[in-house]
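Read the structure below first, then the notes.
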Amino acid sequence: MPSLKDLRNRIASVKATQKITKAMQMVAAAKLRRAQSAAEAARPYAERMDDVLANLATALGGQDGASPLMVGTGRDDVHLLVICSSERGLCGGFNTSIVRLAKTRIRELQTAGKKVKILCVGKKGHDQLKREFATMIIDVVDLREIKRVGFENAQAIGTQVLDLFENGEFDVCTLFYARFQSIISQIPTDLQIVPASPPEAGGDASDSNSAYEYEPDESEILADLLPRNVSVQIFRALLENAASEQGARMSAMDNATRNAGEMIDGLTLQYNRSRQAQITKELIEIISGAEAL
């Protein structure tokens, strides 16, 4: 049974931890507002980019000489997985959920006899993946020094992906990230970015396409938009991840703060009971000594 001093030290330790988790929760809440605003602001642009690509792809109608970024290489033997995660921990199951989805896809591809290459964006995802798939990891993008992710960071990753594609290093590229839905809900998402997979144009898309005149022609615009789309989708993933990370951290620190409070209550009750038992024991010894006299 722990002594009273041990209980006092443990209570003090848990209280100190509770202060830290509460402070981290408040910091995450402040960062979440900015990150959520940035992620929500990026969604319309990325969605409109998908719509424009769908319209242009429909207008070209399978013409010869289409960009491999749209139609692919004609093979799907080598797959590149760009897995975005956080640089720091203490954010609950945020990183684990993304890595779990990526591992499921890796095993499916391996079962199908495909070759898999992994590009990790973020330290935590790399730490989990290297235990089982170290030989597949071709590079790790470190963003620890970046306080606020900008488009230039996504563009650097996009350029690296495009260079690998032009060098014939892969046939299909899939992006993995967590889409922010709410503080308690971040949805692991996979998105194919090479070849581009814009939403299929329905009946309305063809009608809306006739309302536009493209200058220069569709093929030239598509040649410029397709490389840009890779960076745009990566940028969107980084922003969604930033918001999801802060939401997950805020939720995790809130749970930790409440758990610390419950532990403090339990330890305080144990301390009071032990102290009362010790006082009672000392009184009994005093009374017994007095009666013996």
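By order of appearance in the structure tokens: chains A, B, ..., then residues from 1 within every chain, and ligands from 1 in the order shown.
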Using only C-alpha atoms, what table do you get, as JSON lines, when you list each residue of stretch 161-236 of chain A with an atom no more than 10 Å from stretch 109-129 of chain A, its nearest pair of atoms, and their distance in Å rounded to one decimal, rows by chain then rising number?
{"residue": "A:Val161", "atom": "CA", "partner": "A:Leu119", "partner_atom": "CA", "distance": 8.9}
{"residue": "A:Glu169", "atom": "CA", "partner": "A:Lys117", "partner_atom": "CA", "distance": 9.0}
{"residue": "A:Phe170", "atom": "CA", "partner": "A:Lys117", "partner_atom": "CA", "distance": 8.0}
{"residue": "A:Val172", "atom": "CA", "partner": "A:Val116", "partner_atom": "CA", "distance": 9.8}
{"residue": "A:Cys173", "atom": "CA", "partner": "A:Lys117", "partner_atom": "CA", "distance": 9.3}
{"residue": "A:Thr174", "atom": "CA", "partner": "A:Ile118", "partner_atom": "CA", "distance": 9.8}
{"residue": "A:Leu175", "atom": "CA", "partner": "A:Leu119", "partner_atom": "CA", "distance": 9.6}
{"residue": "A:Phe176", "atom": "CA", "partner": "A:Cys120", "partner_atom": "CA", "distance": 9.8}
{"residue": "A:Tyr177", "atom": "CA", "partner": "A:Val121", "partner_atom": "CA", "distance": 9.9}
Since we have the selection now, will you write its residues out, keeping N, CA, C and O atoms, as a compact mmCIF listing (two decimals), in the first residue's frame?
# COMPACT_ATOMS: atom_id res chain seq x y z
N VAL A 161 6.44 14.43 -57.39
CA VAL A 161 5.58 13.37 -57.92
C VAL A 161 5.59 13.38 -59.45
O VAL A 161 5.71 12.33 -60.10
N GLU A 169 8.66 6.12 -63.10
CA GLU A 169 8.82 5.44 -61.82
C GLU A 169 7.53 4.79 -61.31
O GLU A 169 7.57 3.90 -60.46
N PHE A 170 6.37 5.24 -61.78
CA PHE A 170 5.10 4.66 -61.36
C PHE A 170 4.05 4.88 -62.45
O PHE A 170 4.25 5.69 -63.37
N VAL A 172 0.38 4.73 -61.36
CA VAL A 172 -0.78 5.28 -60.67
C VAL A 172 -0.32 5.87 -59.35
O VAL A 172 0.49 5.26 -58.64
N CYS A 173 -0.84 7.06 -59.02
CA CYS A 173 -0.50 7.71 -57.74
C CYS A 173 -1.78 7.97 -56.96
O CYS A 173 -2.75 8.52 -57.51
N THR A 174 -1.77 7.57 -55.70
CA THR A 174 -2.92 7.76 -54.83
C THR A 174 -2.50 8.55 -53.60
O THR A 174 -1.45 8.28 -53.01
N LEU A 175 -3.33 9.51 -53.22
CA LEU A 175 -3.05 10.40 -52.09
C LEU A 175 -3.89 9.97 -50.90
O LEU A 175 -5.10 9.72 -51.03
N PHE A 176 -3.25 9.90 -49.73
CA PHE A 176 -3.95 9.50 -48.50
C PHE A 176 -3.88 10.64 -47.49
O PHE A 176 -2.80 11.18 -47.23
N TYR A 177 -5.03 10.98 -46.92
CA TYR A 177 -5.09 12.04 -45.92
C TYR A 177 -6.39 11.88 -45.12
O TYR A 177 -7.18 10.97 -45.40
* Would you mind listing what lies within 12 Å of A:Lys19 as a ChimeraX atom specification, with only C-alpha atoms counted and same-chain residues fewer than 4 positions away left out? => /A:12-15,23-26,253-254,256-258,260-261
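Closest approach to A:Ile183 among A:Arg100, A:Arg43, A:His79, A:Arg249: A:Arg249, based on only C-alpha atoms.
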* Identify all residues of stretch 91-221 of chain A in alpha helix (DSSP H) (DSSP on the backbone) and supply them as an MDAnalysis selection string. => chainID A and resid 94:111 123:133 151:166 203:209 218:221
* If you run DSSP on this backbone, which residues of stretch 87-131 of chain A come out as strand (DSSP E or B), and could you give them as a PyMOL selection string? -> chain A and resi 115-121
